[in-house]
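A quick write-up on the structure given underneath.
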Amino acid sequence: MKVLDFPLAKITFSFVFGIIGAYYWIPPITISVLYLFVGLLFLSIFYLFSKKNKNLNIFFGLSTFYTSFFIGVIALSINTDSLQESNYIHYKNAFESPHYISITIREKSKGNDYNDQYIGLINHIDNKYYSGRIIVNVAKDSIKNSLFVGNSIRVKTILQHNSLPKNPNQFDYGKYLANKQIYAQIYTSKLNIAVNTKIKKDIWFYTSHLHSRIIYNLEKAKFNKTEMNVALALILGQKQEISSEIKQDYQYSGVTHVLSVSGLHVGFIMLFILFILKPIQNTKKGSLLKLSTIIISLALFAIVSGLSPPVLRSVVMFSFLAIGSHLHRNSNTYHTLLVSILLILLFEPYFLFDARFQLSYIALFSILWLQPLLKNIWLPKNKIVKYIWEALTVSFAAQIGTFPICLYYFHQFPALFFVTNILILPVLSFIMIVGIVVMLISVFISCPIIIIKIFEKSIFLLNQIIHYVASFESFVIKNISFNCYHLISFYLFLVASIIWLKKPDHNKRIIVLVTIILVQISFIQTKREIESKHELIVFHSKKKTLITERRGKNTILFTNNLQYEKESKNDALQVYLVANFGVLKSINKIKNVLFFDGKKILLIDSSGTYPKKIKPDILILIASPKINADRVLEDLHPKIVIGDGTNSYSFQQQWKTSCYKKRVPFHSTNEKGFYRLN
């Protein structure tokens with residue numbers, strides 16, 4: 001790969017590895033700066049001596065990579081808010097008792113049926129300066145919502161840490177928020193909030209105000225709510241109000257990327273701007289005017305879209321392409337891609353751990369690298385057929401490149417993705433052009449009804465096409481077990497295969513065969529690890545008790561609900577089975593006594609009856625049995641007590657207090673999540 005010969009490629013990879021190293025290592029900033037200083041010292045020395053002695057070039061290169069690595073380490077450390085002394089995470093009392101907290105509302109998020117949700121910046125706690133991002137949950141009621149971006153509020157409440165996953169292999173929402181530098185949440189009501197009349201008018205305020213104005217003018221033009229929400233996602237990247245049904249349709253048809261503003265959307269915008277600027281002559285001043293207009297327009301679009309990782313990547317990418325075009329240089333697209341990665345991660349290193357950021361870069365790189373190879377398989381002479389074939393190869397290239405990481409994150413594969421992409425491309429192109437016009441008009445006035453109706457019907461058609469393809473659920477392959485061993489080995493095989501196909505030779509063929517062996521080893525190692533596992537899990541479930549015993553991949557479920565549906569798509573058990581390559585062998589009714597690896601487990605249900613002569617190692621309480629906690633502990637003397645999610649909050653608090661007095665560990669799945677015994 002010639003791209004690896006470009007010095008910036010090696011520097012970027014070293015920088016990225018530095019970010020990854022710091023993410024898991026988190027060294028003190030002083031140590032990192034010291035290591036960086038040593039690297040800069042050696043870099044300077046080898047730079048001077050390598051001019052006289054070319055044999056020292058290798059040491060100059062190594063010192064460059066070493067320095068780049070620690071620049072990545074420091075970039076992540078500087079952007080980790082929890083390492084700052086002023087961050088609220090260090091004020092432990094705020095998590096234990098109510099305090100007066102001053103917050104500036106930064107962003108409106110998607111809430112739920114019970115709460116409106118905002119992202120805010122903490123200013124003070126009890127009139128002492130603290131900083132950091134936080135989620136503000138405001139209970140919904142009959143009072144009209146009066147909070148807007150830029151509002152400064154004061155509320156007396158307790159900070160609550162982000163919750164841990166309640167069940168095994170569940171999406172770690174707390175870690176996701178921590179990567180966004182959000183470490184806590186607050187819950188309050190509108191009556192307990194004091195709103196300051198002074199509004200902080202920054203870029204976020206004006207962006208929110210612009211969004212509100214666009215939505216107001218669209219609603220004034222009687223834009224259908226369903227289509228309007230999709231339009232806001234397509235053009236501005238605002239997906240908060242899209243219904244779960246539409247999101248599922250886009251997911252099952254393999255075009256979820258359409259709802260995330262990315263390179264496709266930014267490319268349309270750049271082409272639209274160039275079309276408008278076409279009358280300007282390509283003189284020195286005219287070319288500079290075009291360049292300035294493109295960069296400013298793209299920057300404004302990134303701000304309006306909320307500065308999301310895919311938008312930033314695309315805006316930076318297309319900005320560099322525009323600069324290259326202005327300078328009349330044949331800019332290498334791979335190099336432009338690397339520059340955009342380096343610049344974005346230098347200021348926002350946590351973007352590296354964002355799945356959307358990873359998918360967007362992998363998809364774009366795959367299109368640039370693999371699509372020309374696929375396109376040359378067949379060269380049709382008919383223009384229409386050629387257009388369809390090229391669109392198909394672009395879709396295939398992106399899907400091949402993202403296939404392993406999609407399986408790793410989502411564990412499913414929409415087999416009809418290529419059909420959907422071909423069908424929607426003409427409609428989507430029209431929607432993007434009209435959508436940009438509609439949004440521009442809606443910034444100032446209500447858009448003419450005729451344009452709104454055309455735009456609305458085109459989105460309706462898009463949704464209908466996608467819904468039709470998504471209706472063939474049998475073509476959506478679900479619950480695919482895929483772990484990190486598979487991810488790494490599949491990508492090694494994919495990269496080696498493409499390099500070999502581009503320029504076949506004997507050595508590359510051997511490398512491909514080696515990667516095939518690595519794929520086989522990944523399956524063997526996975527099977528070996530699975531077969532060595534024997535564990536019992538008490539799940540957190542409020543409606544029914546779920547206890548599983550897994551030996552290897554074979555899993556037995558004990559539950560008080562024998563009508564349990566095996567294929568429940570949102571069930572915690574299904575997630576567990578997929579992540580652990582498990583197979584549900586049988587569903588059994590819960591017994592009062594279970595045995596696991598020589599340990600006796602006693603369950604007490606709502607009946608409250610239990611044999612007093614049994615001395616269990618583990619006591620599991622389900623469905624809030626009406627029994628005296630102190631008496632049960634004296635009768636049974638368990639080593640640990642577990643309360644699952646079917647117990648009421650007051651019941652669990654009562655048992656927690658009793659266990660504390662008797663010095664018996666108490667595990668509440670509502671507080672600590674699932675319980676694992678292995």
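The chains in the structure tokens are called A, B, ... from first to last as shown; in each chain the residues are counted from 1, and the ligands are counted from 1 in the order shown.
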At most 10 Å is the cut-off: for each residue in region 162-269 of chain A with any atom that close to an atom of region 111-127 of chain A, write down the nearest atom pair and the distance in Å rounded to one decimal, counting only C-alpha atoms, chain first then increasing number, as JSON lines.
```
{"residue": "A:Ile182", "atom": "CA", "partner": "A:Ile119", "partner_atom": "CA", "distance": 8.7}
{"residue": "A:Gln185", "atom": "CA", "partner": "A:Ile119", "partner_atom": "CA", "distance": 9.2}
{"residue": "A:Ile186", "atom": "CA", "partner": "A:Gln117", "partner_atom": "CA", "distance": 10.0}
{"residue": "A:Tyr187", "atom": "CA", "partner": "A:Asn115", "partner_atom": "CA", "distance": 8.6}
{"residue": "A:Thr188", "atom": "CA", "partner": "A:Asn115", "partner_atom": "CA", "distance": 9.2}
{"residue": "A:Ser189", "atom": "CA", "partner": "A:Asn115", "partner_atom": "CA", "distance": 9.0}
{"residue": "A:Gln240", "atom": "CA", "partner": "A:Gly111", "partner_atom": "CA", "distance": 8.5}
{"residue": "A:Glu241", "atom": "CA", "partner": "A:Gly111", "partner_atom": "CA", "distance": 9.7}
```
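Running DSSP on the backbone and keeping only strand (DSSP E or B), the residues of region 352-569 of chain A that qualify are Phe413, Pro414, Val476, Ile477, His534, Glu535, Leu536, Ile537, Val538, Leu546, Ile547, Thr548, Glu549, Arg550, Arg551, Asn554, Thr555, Ile556, Leu557, Phe558 and Thr559 of chain A.
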Could you list, as number ranges by chain, every residue within 9 Å of Phe430 (chain A), counting only C-alpha atoms and ignoring same-chain residues fewer than 4 positions away? A: 425-426, 434-435, 455, 458
Please identify the alpha helix (DSSP H) residues within region 328-403 of chain A (assignment by DSSP from backbone atoms) and present them as a PDB file with N, CA and C atoms, in the first residue's frame.
```pdb
ATOM      1  N   THR A 333      -6.190  11.336  -2.025  1.00  0.00           N
ATOM      2  CA  THR A 333      -7.348  11.265  -1.132  1.00  0.00           C
ATOM      3  C   THR A 333      -7.012  10.529   0.159  1.00  0.00           C
ATOM      4  N   TYR A 334      -6.172   9.504   0.081  1.00  0.00           N
ATOM      5  CA  TYR A 334      -5.778   8.788   1.297  1.00  0.00           C
ATOM      6  C   TYR A 334      -5.074   9.721   2.272  1.00  0.00           C
ATOM      7  N   HIS A 335      -4.205  10.557   1.751  1.00  0.00           N
ATOM      8  CA  HIS A 335      -3.462  11.494   2.598  1.00  0.00           C
ATOM      9  C   HIS A 335      -4.401  12.517   3.219  1.00  0.00           C
ATOM     10  N   THR A 336      -5.375  12.970   2.415  1.00  0.00           N
ATOM     11  CA  THR A 336      -6.373  13.911   2.931  1.00  0.00           C
ATOM     12  C   THR A 336      -7.164  13.268   4.061  1.00  0.00           C
ATOM     13  N   LEU A 337      -7.471  11.999   3.890  1.00  0.00           N
ATOM     14  CA  LEU A 337      -8.196  11.252   4.915  1.00  0.00           C
ATOM     15  C   LEU A 337      -7.381  11.183   6.209  1.00  0.00           C
ATOM     16  N   LEU A 338      -6.097  10.924   6.090  1.00  0.00           N
ATOM     17  CA  LEU A 338      -5.224  10.836   7.260  1.00  0.00           C
ATOM     18  C   LEU A 338      -5.093  12.182   7.968  1.00  0.00           C
ATOM     19  N   VAL A 339      -4.998  13.256   7.185  1.00  0.00           N
ATOM     20  CA  VAL A 339      -4.912  14.599   7.779  1.00  0.00           C
ATOM     21  C   VAL A 339      -6.174  14.896   8.579  1.00  0.00           C
ATOM     22  N   SER A 340      -7.329  14.524   8.028  1.00  0.00           N
ATOM     23  CA  SER A 340      -8.593  14.779   8.733  1.00  0.00           C
ATOM     24  C   SER A 340      -8.664  13.978  10.030  1.00  0.00           C
ATOM     25  N   ILE A 341      -8.181  12.725  10.008  1.00  0.00           N
ATOM     26  CA  ILE A 341      -8.150  11.914  11.234  1.00  0.00           C
ATOM     27  C   ILE A 341      -7.277  12.580  12.280  1.00  0.00           C
ATOM     28  N   LEU A 342      -6.087  12.994  11.867  1.00  0.00           N
ATOM     29  CA  LEU A 342      -5.116  13.585  12.798  1.00  0.00           C
ATOM     30  C   LEU A 342      -5.664  14.862  13.423  1.00  0.00           C
ATOM     31  N   LEU A 343      -6.244  15.722  12.602  1.00  0.00           N
ATOM     32  CA  LEU A 343      -6.758  16.998  13.115  1.00  0.00           C
ATOM     33  C   LEU A 343      -7.941  16.796  14.058  1.00  0.00           C
ATOM     34  N   ILE A 344      -8.875  15.923  13.687  1.00  0.00           N
ATOM     35  CA  ILE A 344     -10.053  15.699  14.529  1.00  0.00           C
ATOM     36  C   ILE A 344      -9.654  15.082  15.865  1.00  0.00           C
ATOM     37  N   LEU A 345      -8.807  14.050  15.834  1.00  0.00           N
ATOM     38  CA  LEU A 345      -8.428  13.372  17.063  1.00  0.00           C
ATOM     39  C   LEU A 345      -7.489  14.201  17.928  1.00  0.00           C
ATOM     40  N   LEU A 346      -6.792  15.130  17.339  1.00  0.00           N
ATOM     41  CA  LEU A 346      -5.928  16.006  18.125  1.00  0.00           C
ATOM     42  C   LEU A 346      -6.754  16.847  19.092  1.00  0.00           C
ATOM     43  N   PHE A 347      -7.949  17.267  18.654  1.00  0.00           N
ATOM     44  CA  PHE A 347      -8.807  18.111  19.491  1.00  0.00           C
ATOM     45  C   PHE A 347      -9.917  17.313  20.184  1.00  0.00           C
ATOM     46  N   ALA A 355     -18.518   4.597  17.793  1.00  0.00           N
ATOM     47  CA  ALA A 355     -18.790   3.607  16.736  1.00  0.00           C
ATOM     48  C   ALA A 355     -19.094   4.278  15.399  1.00  0.00           C
ATOM     49  N   ARG A 356     -19.804   5.417  15.435  1.00  0.00           N
ATOM     50  CA  ARG A 356     -20.142   6.120  14.190  1.00  0.00           C
ATOM     51  C   ARG A 356     -18.882   6.648  13.505  1.00  0.00           C
ATOM     52  N   PHE A 357     -17.949   7.152  14.299  1.00  0.00           N
ATOM     53  CA  PHE A 357     -16.680   7.650  13.762  1.00  0.00           C
ATOM     54  C   PHE A 357     -15.905   6.510  13.091  1.00  0.00           C
ATOM     55  N   GLN A 358     -15.831   5.375  13.774  1.00  0.00           N
ATOM     56  CA  GLN A 358     -15.126   4.212  13.237  1.00  0.00           C
ATOM     57  C   GLN A 358     -15.769   3.730  11.943  1.00  0.00           C
ATOM     58  N   LEU A 359     -17.095   3.605  11.955  1.00  0.00           N
ATOM     59  CA  LEU A 359     -17.807   3.102  10.778  1.00  0.00           C
ATOM     60  C   LEU A 359     -17.677   4.047   9.588  1.00  0.00           C
ATOM     61  N   SER A 360     -17.746   5.356   9.848  1.00  0.00           N
ATOM     62  CA  SER A 360     -17.682   6.313   8.740  1.00  0.00           C
ATOM     63  C   SER A 360     -16.311   6.290   8.073  1.00  0.00           C
ATOM     64  N   TYR A 361     -15.245   6.202   8.867  1.00  0.00           N
ATOM     65  CA  TYR A 361     -13.898   6.170   8.281  1.00  0.00           C
ATOM     66  C   TYR A 361     -13.627   4.852   7.555  1.00  0.00           C
ATOM     67  N   ILE A 362     -14.037   3.751   8.172  1.00  0.00           N
ATOM     68  CA  ILE A 362     -13.822   2.443   7.532  1.00  0.00           C
ATOM     69  C   ILE A 362     -14.592   2.366   6.224  1.00  0.00           C
ATOM     70  N   ALA A 363     -15.835   2.861   6.222  1.00  0.00           N
ATOM     71  CA  ALA A 363     -16.655   2.840   5.000  1.00  0.00           C
ATOM     72  C   ALA A 363     -16.013   3.686   3.903  1.00  0.00           C
ATOM     73  N   LEU A 364     -15.564   4.879   4.255  1.00  0.00           N
ATOM     74  CA  LEU A 364     -14.963   5.765   3.252  1.00  0.00           C
ATOM     75  C   LEU A 364     -13.655   5.186   2.712  1.00  0.00           C
ATOM     76  N   PHE A 365     -12.828   4.670   3.612  1.00  0.00           N
ATOM     77  CA  PHE A 365     -11.560   4.071   3.182  1.00  0.00           C
ATOM     78  C   PHE A 365     -11.824   2.867   2.280  1.00  0.00           C
ATOM     79  N   SER A 366     -12.844   2.069   2.612  1.00  0.00           N
ATOM     80  CA  SER A 366     -13.187   0.885   1.806  1.00  0.00           C
ATOM     81  C   SER A 366     -13.646   1.283   0.412  1.00  0.00           C
ATOM     82  N   ILE A 367     -14.433   2.349   0.338  1.00  0.00           N
ATOM     83  CA  ILE A 367     -14.903   2.828  -0.972  1.00  0.00           C
ATOM     84  C   ILE A 367     -13.726   3.283  -1.827  1.00  0.00           C
ATOM     85  N   LEU A 368     -12.811   4.040  -1.226  1.00  0.00           N
ATOM     86  CA  LEU A 368     -11.665   4.552  -1.979  1.00  0.00           C
ATOM     87  C   LEU A 368     -10.733   3.432  -2.428  1.00  0.00           C
ATOM     88  N   TRP A 369     -10.587   2.400  -1.606  1.00  0.00           N
ATOM     89  CA  TRP A 369      -9.594   1.356  -1.854  1.00  0.00           C
ATOM     90  C   TRP A 369     -10.162   0.178  -2.637  1.00  0.00           C
ATOM     91  N   LEU A 370     -11.393  -0.224  -2.282  1.00  0.00           N
ATOM     92  CA  LEU A 370     -11.939  -1.456  -2.845  1.00  0.00           C
ATOM     93  C   LEU A 370     -12.837  -1.226  -4.053  1.00  0.00           C
ATOM     94  N   GLN A 371     -13.548  -0.084  -4.094  1.00  0.00           N
ATOM     95  CA  GLN A 371     -14.517   0.134  -5.173  1.00  0.00           C
ATOM     96  C   GLN A 371     -13.900   0.084  -6.576  1.00  0.00           C
ATOM     97  N   PRO A 372     -12.710   0.705  -6.796  1.00  0.00           N
ATOM     98  CA  PRO A 372     -12.103   0.599  -8.145  1.00  0.00           C
ATOM     99  C   PRO A 372     -11.850  -0.850  -8.565  1.00  0.00           C
ATOM    100  N   LEU A 373     -11.511  -1.700  -7.604  1.00  0.00           N
ATOM    101  CA  LEU A 373     -11.268  -3.114  -7.894  1.00  0.00           C
ATOM    102  C   LEU A 373     -12.568  -3.809  -8.305  1.00  0.00           C
ATOM    103  N   LEU A 374     -13.650  -3.531  -7.587  1.00  0.00           N
ATOM    104  CA  LEU A 374     -14.947  -4.130  -7.896  1.00  0.00           C
ATOM    105  C   LEU A 374     -15.495  -3.599  -9.217  1.00  0.00           C
ATOM    106  N   LYS A 375     -15.281  -2.306  -9.458  1.00  0.00           N
ATOM    107  CA  LYS A 375     -15.812  -1.670 -10.668  1.00  0.00           C
ATOM    108  C   LYS A 375     -15.225  -2.286 -11.928  1.00  0.00           C
ATOM    109  N   LYS A 383     -24.862   3.562 -20.496  1.00  0.00           N
ATOM    110  CA  LYS A 383     -24.653   4.552 -19.438  1.00  0.00           C
ATOM    111  C   LYS A 383     -25.514   4.281 -18.207  1.00  0.00           C
ATOM    112  N   ILE A 384     -26.759   3.892 -18.437  1.00  0.00           N
ATOM    113  CA  ILE A 384     -27.657   3.630 -17.312  1.00  0.00           C
ATOM    114  C   ILE A 384     -27.184   2.409 -16.528  1.00  0.00           C
ATOM    115  N   VAL A 385     -26.839   1.356 -17.267  1.00  0.00           N
ATOM    116  CA  VAL A 385     -26.336   0.143 -16.621  1.00  0.00           C
ATOM    117  C   VAL A 385     -25.026   0.432 -15.891  1.00  0.00           C
ATOM    118  N   LYS A 386     -24.177   1.259 -16.493  1.00  0.00           N
ATOM    119  CA  LYS A 386     -22.902   1.632 -15.870  1.00  0.00           C
ATOM    120  C   LYS A 386     -23.139   2.391 -14.566  1.00  0.00           C
ATOM    121  N   TYR A 387     -24.123   3.310 -14.580  1.00  0.00           N
ATOM    122  CA  TYR A 387     -24.450   4.089 -13.382  1.00  0.00           C
ATOM    123  C   TYR A 387     -24.924   3.170 -12.261  1.00  0.00           C
ATOM    124  N   ILE A 388     -25.791   2.214 -12.596  1.00  0.00           N
ATOM    125  CA  ILE A 388     -26.311   1.270 -11.601  1.00  0.00           C
ATOM    126  C   ILE A 388     -25.191   0.391 -11.059  1.00  0.00           C
ATOM    127  N   TRP A 389     -24.329  -0.076 -11.966  1.00  0.00           N
ATOM    128  CA  TRP A 389     -23.214  -0.945 -11.555  1.00  0.00           C
ATOM    129  C   TRP A 389     -22.255  -0.213 -10.620  1.00  0.00           C
ATOM    130  N   GLU A 390     -21.927   1.036 -10.938  1.00  0.00           N
ATOM    131  CA  GLU A 390     -21.014   1.808 -10.083  1.00  0.00           C
ATOM    132  C   GLU A 390     -21.637   2.081  -8.713  1.00  0.00           C
ATOM    133  N   ALA A 391     -22.937   2.390  -8.707  1.00  0.00           N
ATOM    134  CA  ALA A 391     -23.630   2.600  -7.424  1.00  0.00           C
ATOM    135  C   ALA A 391     -23.621   1.313  -6.598  1.00  0.00           C
ATOM    136  N   LEU A 392     -23.790   0.198  -7.285  1.00  0.00           N
ATOM    137  CA  LEU A 392     -23.796  -1.098  -6.615  1.00  0.00           C
ATOM    138  C   LEU A 392     -22.419  -1.427  -6.038  1.00  0.00           C
ATOM    139  N   THR A 393     -21.352  -1.143  -6.795  1.00  0.00           N
ATOM    140  CA  THR A 393     -19.995  -1.437  -6.310  1.00  0.00           C
ATOM    141  C   THR A 393     -19.609  -0.545  -5.136  1.00  0.00           C
ATOM    142  N   VAL A 394     -20.083   0.707  -5.138  1.00  0.00           N
ATOM    143  CA  VAL A 394     -19.847   1.601  -3.992  1.00  0.00           C
ATOM    144  C   VAL A 394     -20.498   1.020  -2.744  1.00  0.00           C
ATOM    145  N   SER A 395     -21.731   0.572  -2.891  1.00  0.00           N
ATOM    146  CA  SER A 395     -22.464  -0.015  -1.772  1.00  0.00           C
ATOM    147  C   SER A 395     -21.781  -1.292  -1.275  1.00  0.00           C
ATOM    148  N   PHE A 396     -21.360  -2.146  -2.222  1.00  0.00           N
ATOM    149  CA  PHE A 396     -20.678  -3.380  -1.845  1.00  0.00           C
ATOM    150  C   PHE A 396     -19.344  -3.092  -1.148  1.00  0.00           C
ATOM    151  N   ALA A 397     -18.583  -2.149  -1.651  1.00  0.00           N
ATOM    152  CA  ALA A 397     -17.285  -1.815  -1.062  1.00  0.00           C
ATOM    153  C   ALA A 397     -17.443  -1.348   0.380  1.00  0.00           C
ATOM    154  N   ALA A 398     -18.406  -0.458   0.606  1.00  0.00           N
ATOM    155  CA  ALA A 398     -18.654   0.054   1.964  1.00  0.00           C
ATOM    156  C   ALA A 398     -19.118  -1.073   2.885  1.00  0.00           C
ATOM    157  N   GLN A 399     -19.972  -1.945   2.362  1.00  0.00           N
ATOM    158  CA  GLN A 399     -20.517  -3.024   3.189  1.00  0.00           C
ATOM    159  C   GLN A 399     -19.458  -4.069   3.510  1.00  0.00           C
ATOM    160  N   ILE A 400     -18.598  -4.381   2.544  1.00  0.00           N
ATOM    161  CA  ILE A 400     -17.518  -5.345   2.790  1.00  0.00           C
ATOM    162  C   ILE A 400     -16.571  -4.807   3.854  1.00  0.00           C
ATOM    163  N   GLY A 401     -16.221  -3.533   3.741  1.00  0.00           N
ATOM    164  CA  GLY A 401     -15.294  -2.925   4.695  1.00  0.00           C
ATOM    165  C   GLY A 401     -15.845  -2.856   6.102  1.00  0.00           C
ATOM    166  N   THR A 402     -17.140  -2.579   6.233  1.00  0.00           N
ATOM    167  CA  THR A 402     -17.739  -2.414   7.562  1.00  0.00           C
ATOM    168  C   THR A 402     -18.370  -3.705   8.088  1.00  0.00           C
ATOM    169  N   PHE A 403     -18.373  -4.759   7.271  1.00  0.00           N
ATOM    170  CA  PHE A 403     -19.031  -6.011   7.653  1.00  0.00           C
ATOM    171  C   PHE A 403     -18.533  -6.560   8.997  1.00  0.00           C
TER     172      PHE A 403
END
```
Write out as a PyMOL selection string which residues come within 12 Å of Pro611 (chain A) when counting only C-alpha atoms, dropping same-chain ones fewer than 2 positions away. chain A and resi 592-593+602-604+608-609+613-616+632+635-636
For region 476-573 of chain A versus region 667-677 of chain A, which residues have an atom no more than 7 Å away, and what is each residue's nearest atom pair and distance in Å rounded to one decimal, using only C-alpha atoms, chain-then-number order, as CSV?
```
residue,atom,partner,partner_atom,distance
A:Glu535,CA,A:Leu677,CA,5.6
A:Leu536,CA,A:Leu677,CA,5.0
A:Ile537,CA,A:Arg676,CA,4.7
A:Val538,CA,A:Tyr675,CA,5.1
A:Phe539,CA,A:Phe674,CA,4.8
A:His540,CA,A:Thr669,CA,5.4
```
Neighbouring residues of Ile477 (chain A) were defined as those with any atom within 8 Å, considering only C-alpha atoms; residues of the same chain fewer than 5 positions away were excluded. Please report them as a VMD selection string. chain A and resid 412 to 415
Work out how far apart CA of Phe65 (chain A) and CA of Ser14 (chain A) are and give it in Å to one decimal. 5.5 Å
Best match for closeness to Val266 (chain A) among A:Ile431, A:Ile134, A:Val315, A:Ile193, counting only C-alpha atoms: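 Looking at the shortest contact to Val266 (chain A), the residue is A:Val315.
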Calculated over only C-alpha atoms, which of the candidates A:Leu501, A:Leu232, A:Tyr408, A:Ile465 has the smallest distance to Ile488 (chain A)?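 Result for the nearest residue to Ile488 (chain A): A:Tyr408.
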Asp202 (chain A): which residues within 12 Å, counting only C-alpha atoms, same-chain residues fewer than 6 positions away excluded, as a ChimeraX atom specification? /A:104-107,149-151,208-209,303
